[in-house]
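Participant: The following file, start-v6.txt, comprises compact mmCIF, C-alpha atoms:
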# COMPACT_ATOMS: atom_id res chain seq x y z
CA MET N 1 0.00 0.00 0.00
CA GLN N 2 1.38 3.40 -0.99
CA ILE N 3 1.67 5.89 1.90
CA GLN N 4 0.14 9.25 1.02
CA PRO N 5 2.29 12.30 1.81
CA PHE N 6 1.28 14.59 4.66
CA LEU N 7 0.48 17.90 2.96
CA LEU N 8 1.08 21.25 4.60
CA SER N 9 -0.69 22.92 1.68
CA ASP N 10 -1.98 21.83 -1.72
CA ASP N 11 1.52 21.79 -3.20
CA LEU N 12 3.90 21.39 -0.25
CA PRO N 13 4.42 17.93 1.29
CA LEU N 14 5.74 17.81 4.83
CA GLY N 15 9.40 16.81 4.92
CA THR N 16 11.52 16.18 8.01
CA VAL N 17 10.49 17.78 11.30
CA TYR N 18 13.30 18.93 13.59
CA GLY N 19 12.75 20.18 17.12
CA ALA N 20 15.06 22.35 19.21
CA LEU N 21 15.61 21.56 22.88
CA LEU N 22 16.99 23.93 25.49
CA ASN N 23 15.82 26.97 23.51
CA ASP N 24 13.85 28.54 26.35
CA ARG N 25 15.70 30.78 28.79
CA ALA N 26 13.82 29.57 31.88
CA THR N 27 14.55 25.93 31.05
CA VAL N 28 18.25 26.65 30.53
CA GLN N 29 18.40 28.50 33.85
CA ARG N 30 16.71 25.59 35.66
CA LEU N 31 19.04 22.99 34.16
CA ALA N 32 22.23 25.07 34.35
CA PRO N 33 23.59 23.18 37.41
CA GLN N 34 23.42 19.90 35.44
CA PHE N 35 25.48 21.18 32.53
CA ASP N 36 28.74 20.98 34.48
CA SER N 37 28.17 17.30 35.25
CA ALA N 38 29.15 14.22 33.24
CA PRO N 39 29.05 13.29 30.43
CA TYR N 40 29.55 16.71 28.79
CA LYS N 41 30.66 18.94 31.67
CA ALA N 42 29.65 22.09 29.79
CA ALA N 43 26.55 23.77 28.43
CA PRO N 44 25.78 23.05 24.76
CA ARG N 45 27.14 25.61 22.31
CA ALA N 46 25.17 24.52 19.23
CA PRO N 47 21.42 23.88 18.95
CA VAL N 48 20.30 20.61 20.54
CA LEU N 49 18.03 18.96 17.96
CA TYR N 50 15.75 15.94 17.77
CA ILE N 51 13.58 14.52 14.98
CA LYS N 52 9.86 13.77 14.98
CA PRO N 53 9.56 10.91 12.43
CA ARG N 54 6.74 10.40 9.93
CA ASN N 55 4.74 8.06 12.18
CA THR N 56 4.21 10.95 14.62
CA PHE N 57 2.49 13.23 12.08
CA ALA N 58 -1.19 13.94 12.80
CA SER N 59 -3.67 16.49 11.45
CA ASP N 60 -5.63 19.23 13.14
CA GLY N 61 -8.53 17.57 14.98
CA ALA N 62 -6.74 14.24 15.47
CA ALA N 63 -7.52 11.85 18.31
CA VAL N 64 -4.10 10.84 19.65
CA ALA N 65 -3.72 7.56 21.52
CA THR N 66 -1.55 7.65 24.63
CA PRO N 67 -0.60 4.99 27.21
CA ALA N 68 -0.27 7.49 30.05
CA GLU N 69 -0.29 11.14 31.08
CA LEU N 70 1.73 13.19 28.63
CA ARG N 71 3.27 16.64 28.26
CA ILE N 72 2.11 19.15 25.66
CA ASP N 73 5.20 20.96 24.37
CA ALA N 74 3.19 23.39 22.24
CA THR N 75 5.25 25.48 19.86
CA ILE N 76 5.53 27.16 16.46
CA GLY N 77 7.33 25.58 13.52
CA LEU N 78 9.12 27.31 10.66
CA VAL N 79 8.12 25.74 7.33
CA ILE N 80 11.03 25.85 4.90
CA GLY N 81 10.06 27.07 1.43
CA GLU N 82 13.36 26.53 -0.39
CA LYS N 83 16.69 24.84 0.23
CA ALA N 84 18.52 26.60 3.05
CA SER N 85 22.21 26.07 3.72
CA ARG N 86 24.52 28.36 5.70
CA VAL N 87 22.01 31.19 5.70
CA SER N 88 22.62 34.31 7.78
CA ALA N 89 20.25 35.39 10.52
CA ASP N 90 19.25 38.52 8.62
CA GLN N 91 18.33 36.44 5.55
CA ALA N 92 16.97 33.31 7.27
CA LEU N 93 13.27 34.10 7.30
CA LYS N 94 13.32 34.72 3.53
CA TYR N 95 13.60 30.93 3.22
CA VAL N 96 10.46 30.39 5.31
CA ALA N 97 7.20 29.71 3.45
CA GLY N 98 5.02 30.04 6.54
CA PHE N 99 4.41 28.51 9.92
CA VAL N 100 2.66 25.66 11.67
CA ILE N 101 1.31 25.37 15.18
CA ALA N 102 2.56 22.10 16.66
CA SER N 103 1.45 20.06 19.65
CA ASP N 104 4.76 18.31 20.24
CA LEU N 105 3.59 15.53 22.55
CA THR N 106 5.92 13.56 24.80
CA LEU N 107 5.73 11.27 27.77
CA PRO N 108 7.40 13.18 30.64
CA HIS N 109 11.18 12.83 30.89
CA ASP N 110 14.10 15.01 31.96
CA ASN N 111 17.12 13.28 30.45
CA TYR N 112 18.52 15.41 27.64
CA TYR N 113 21.60 13.22 27.14
CA ARG N 114 19.81 10.20 25.63
CA PRO N 115 17.40 10.24 22.66
CA ALA N 116 13.85 10.18 24.04
CA ILE N 117 12.55 7.95 21.24
CA ARG N 118 10.00 5.99 23.29
CA GLN N 119 8.75 9.22 24.84
CA ARG N 120 8.62 11.58 21.82
CA CYS N 121 8.25 9.35 18.77
CA ARG N 122 5.03 7.43 19.38
CA ASP N 123 2.36 7.23 16.68
CA GLY N 124 0.44 10.48 16.26
CA PHE N 125 2.58 12.42 18.75
CA LEU N 126 2.82 15.53 16.54
CA PRO N 127 -0.54 17.10 15.65
CA LEU N 128 0.11 19.96 13.22
CA SER N 129 -1.94 22.79 11.80
CA SER N 130 -1.99 23.46 8.08
CA LEU N 131 0.45 26.01 6.64
CA LEU N 132 -0.24 29.41 8.22
CA LYS N 133 0.92 32.88 7.18
CA GLY N 134 -0.23 35.10 10.04
CA ASP N 135 -2.02 38.42 9.81
CA GLU N 136 -0.55 41.92 9.99
CA SER N 137 -0.49 41.79 13.81
CA PHE N 138 1.66 38.65 13.98
CA ASP N 139 5.25 39.22 15.14
CA LEU N 140 7.14 35.94 15.44
CA ASN N 141 9.70 37.35 17.88
CA LYS N 142 6.99 38.59 20.24
CA ALA N 143 4.33 35.95 19.61
CA GLY N 144 2.36 34.45 22.46
CA LEU N 145 0.88 30.96 22.70
CA SER N 146 -1.80 29.59 24.99
CA VAL N 147 -3.07 26.09 25.72
CA ALA N 148 -6.57 25.32 26.97
CA ILE N 149 -7.48 21.85 28.25
CA ASN N 150 -11.17 20.97 28.23
CA GLY N 151 -11.97 24.62 27.67
CA LYS N 152 -9.97 25.88 30.67
CA PRO N 153 -6.75 27.94 30.37
CA ALA N 154 -3.79 25.72 31.24
CA TYR N 155 -0.63 27.39 29.94
CA GLU N 156 0.84 30.49 28.33
CA ARG N 157 4.24 31.26 26.87
CA SER N 158 6.00 34.02 24.94
CA PHE N 159 8.45 33.44 22.10
CA SER N 160 10.31 36.56 23.21
CA MET N 161 11.97 34.25 25.79
CA LEU N 162 13.81 32.05 23.30
CA VAL N 163 17.55 31.53 23.71
CA ARG N 164 17.85 31.60 19.92
CA PRO N 165 15.09 33.61 18.20
CA ALA N 166 13.71 32.02 15.05
CA ALA N 167 16.10 33.61 12.56
CA GLN N 168 19.18 32.92 14.70
CA LEU N 169 18.09 29.33 15.32
CA MET N 170 17.73 28.75 11.59
CA ALA N 171 21.11 30.34 10.91
CA ASP N 172 22.82 28.21 13.54
CA VAL N 173 21.16 25.00 12.33
CA THR N 174 21.93 25.59 8.65
CA GLU N 175 25.55 26.22 9.56
CA PHE N 176 25.99 22.44 9.81
CA MET N 177 22.99 20.93 7.97
CA THR N 178 20.81 21.75 4.98
CA LEU N 179 17.06 22.25 5.35
CA ALA N 180 14.94 21.30 2.34
CA ALA N 181 11.61 22.66 1.12
CA GLY N 182 8.85 21.20 3.27
CA ASP N 183 11.07 20.62 6.30
CA VAL N 184 9.87 22.10 9.58
CA LEU N 185 12.05 23.56 12.33
CA LEU N 186 10.19 23.67 15.65
CA LEU N 187 11.23 26.52 17.92
CA GLY N 188 11.12 24.20 20.93
CA PRO N 189 9.14 23.75 24.12
CA GLY N 190 8.73 26.35 26.79
CA GLU N 191 9.27 25.83 30.51
CA ALA N 192 6.72 23.87 32.57
CA SER N 193 4.58 22.64 29.68
CA PRO N 194 1.15 21.41 30.82
CA LEU N 195 0.23 17.76 31.37
CA ALA N 196 -2.85 16.16 29.81
CA ARG N 197 -4.63 12.82 30.13
CA VAL N 198 -6.87 10.42 28.23
CA GLY N 199 -10.18 12.11 27.44
CA ASP N 200 -8.78 15.64 27.40
CA GLU N 201 -9.51 18.10 24.60
CA ILE N 202 -6.56 20.32 23.68
CA HIS N 203 -6.85 23.77 22.09
CA ILE N 204 -3.67 25.69 21.21
CA THR N 205 -3.93 29.31 20.10
CA VAL N 206 -1.34 31.72 18.71
CA PRO N 207 -2.91 35.19 18.33
CA GLY N 208 -2.51 36.58 14.83
CA LEU N 209 -1.48 33.17 13.46
CA GLY N 210 -4.14 30.52 14.10
CA GLU N 211 -5.09 27.58 16.27
CA LEU N 212 -4.80 23.81 16.58
CA ARG N 213 -7.14 21.32 18.25
CA HIS N 214 -6.80 17.66 19.09
CA SER N 215 -7.92 15.14 21.70
CA LEU N 216 -6.36 12.29 23.65
CA THR N 217 -7.67 8.73 23.67
CA GLU N 218 -6.57 5.58 25.44
CA GLU N 219 -3.95 3.52 23.67
CA LYS N 220 -5.25 0.00 23.05
CA LEU N 221 -2.85 -2.90 23.42
CA ALA N 222 -2.71 -5.19 20.37
Output the file's structure as structure tokens, nothing else.

Facilitator:
Amino acid sequence: MQIQPFLLSDDLPLGTVYGALLNDRATVQRLAPQFDSAPYKAAPRAPVLYIKPRNTFASDGAAVATPAELRIDATIGLVIGEKASRVSADQALKYVAGFVIASDLTLPHDNYYRPAIRQRCRDGFLPLSSLLKGDESFDLNKAGLSVAINGKPAYERSFSMLVRPAAQLMADVTEFMTLAAGDVLLLGPGEASPLARVGDEIHITVPGLGELRHSLTEEKLA
């Protein structure tokens, strides 16, 4: 059976999705004492990235199966419009075709030194909006994001608190790897992301950009 591509728009298939860890100032401040410990004994100097593979992709309105309570690392993703390699920060956003709102789901964990594959890469663990452009009020560097669970406010964050703002993150990433059209670069989770459970309805809103909704269902054992 041929697998149909996940489309961000009518003519742009979703490529590889990369997420950035440790890109929120409050998180870095909280974890700073750990950075001097083994195995690395220093804070990271380059972006810390992970991949959300194709099995995690889910559409707006999806019902996501989970085996347990999970964390909603809600964020914005940069959708790459053309090949980007070694781009400068002042030119980086010219390579961006638009944005997505992402519910980057993960089972709770705090170990940043081992790939959290079992926690982050489960089926359906990345509900995404369609390609969004934003209205005239949308400012990526000052954007806010809110999460409501079952209609009640649960979380707010500001993208003004990023360690690497969007353009700088893209410049630093493309210094050592090429991003292709359709790839998505998630700006990363904020501090103290909310927890959700089976039966919860999730509503993520970014003023001036759009919204994303999904629900959580119980994972059935085969």

Participant: Find the nearest atom pair between each residue of segment 1-72 of chain N and segment 138-157 of chain N for residues within 12 Å, count only C-alpha atoms, give distances in Å to one decimal, sort rows by chain and ascending number, and present the table as CSV.

Facilitator:
residue,atom,partner,partner_atom,distance
N:Asp24,CA,N:Arg157,CA,10.0
N:Arg25,CA,N:Arg157,CA,11.6
N:Ala26,CA,N:Arg157,CA,10.9
N:Arg71,CA,N:Tyr155,CA,11.6
N:Ile72,CA,N:Val147,CA,8.7

Participant: One decimal, Å: what's the distance from atom CA of Ala167 of chain N over to atom CA of Leu93 of chain N, could you say?

Facilitator: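 Rounded to one decimal, the two atoms are 6.0 Å apart.
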
Participant: Show me, as a PyMOL selection string, the residues that have an atom within 10 Å of Leu131 of chain N when counting all atoms listed in the file, minus same-chain residues fewer than 6 positions from it.

Facilitator: chain N and resi 7-10+12+14+77-79+97-101+210

Participant: Nearest residue to Leu49 of chain N out of N:Arg213, N:Thr205, N:Ala20, N:Gly124, using all atoms listed in the file?

Facilitator: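 The answer is N:Ala20, which sits nearest to Leu49 of chain N.
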
Participant: Could you list, as number ranges by chain, every residue within 8 Å of Gln168 of chain N, counting only C-alpha atoms and ignoring same-chain residues fewer than 4 positions away?

Facilitator: N: 88-89, 92, 164, 172

Participant: Can those selected residues be exported to a file as a compact mmCIF listing (two decimals), keeping the file's coordinate frame so that it contains C-alpha atoms?

Facilitator:
# COMPACT_ATOMS: atom_id res chain seq x y z
CA SER N 88 22.62 34.31 7.78
CA ALA N 89 20.25 35.39 10.52
CA ALA N 92 16.97 33.31 7.27
CA ARG N 164 17.85 31.60 19.92
CA ASP N 172 22.82 28.21 13.54

Participant: Pick the closest to His203 of chain N from N:Ala43, N:Leu128, N:Met161, N:Met170: which is it, counting only C-alpha atoms?

Facilitator: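 Of N:Ala43, N:Leu128, N:Met161, N:Met170, the one nearest His203 of chain N is N:Leu128, counting only C-alpha atoms.
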
Participant: Padding of 4 Å on every side, edges along x, y and z, all listed atoms of segment 138-144 of chain N included: what centre and edge lengths in Å, to one decimal, does that box have, as lines of an AutoDock Vina configuration file?

Facilitator:
center_x = 5.7
center_y = 36.8
center_z = 18.2
size_x = 16.0
size_y = 12.8
size_z = 16.5

Participant: Can you tell me how far atom CA of Gln119 of chain N sits from atom CA of Leu21 of chain N, in Å to one decimal?

Facilitator: 14.3 Å

Participant: Within 8 Å of (12.1, 11.1, 10.3) (coordinates as in the file), grab all the protein and nucleic acid residues, counting all atoms listed in the file, and write them out as a ChimeraX atom specification.

Facilitator: /N:16-17,51-54

Participant: Between N:Leu209, N:Ala196, N:Ala42, N:Leu216, which has the minimum distance to Ile76 of chain N (counting only C-alpha atoms)?

Facilitator: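 Ranked by minimum distance to Ile76 of chain N, first place goes to N:Leu209.
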
Participant: Measure the distance from atom CA of Gly81 of chain N to atom CA of Arg45 of chain N in Å and round it to one decimal.

Facilitator: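 Interatomic distance, atom CA of Gly81 of chain N to atom CA of Arg45 of chain N: 27.0 Å.
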
Participant: When distances are computed from all atoms listed in the file, which of N:Glu69, N:Glu218, N:Asp183, N:Asp11 shows the smallest separation from Val96 of chain N?

Facilitator: N:Asp183

Participant: Pick from N:Glu82, N:Asp73, N:Asp104, N:Glu219: nearest to Pro127 of chain N, with all atoms listed in the file counted?

Facilitator: N:Asp104

Participant: Which one of N:Leu31, N:Leu185, N:Leu126, N:Ile202 sits closest to Tyr95 of chain N if you count all atoms listed in the file?

Facilitator: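 Using all atoms listed in the file, the shortest distance to Tyr95 of chain N belongs to N:Leu185.
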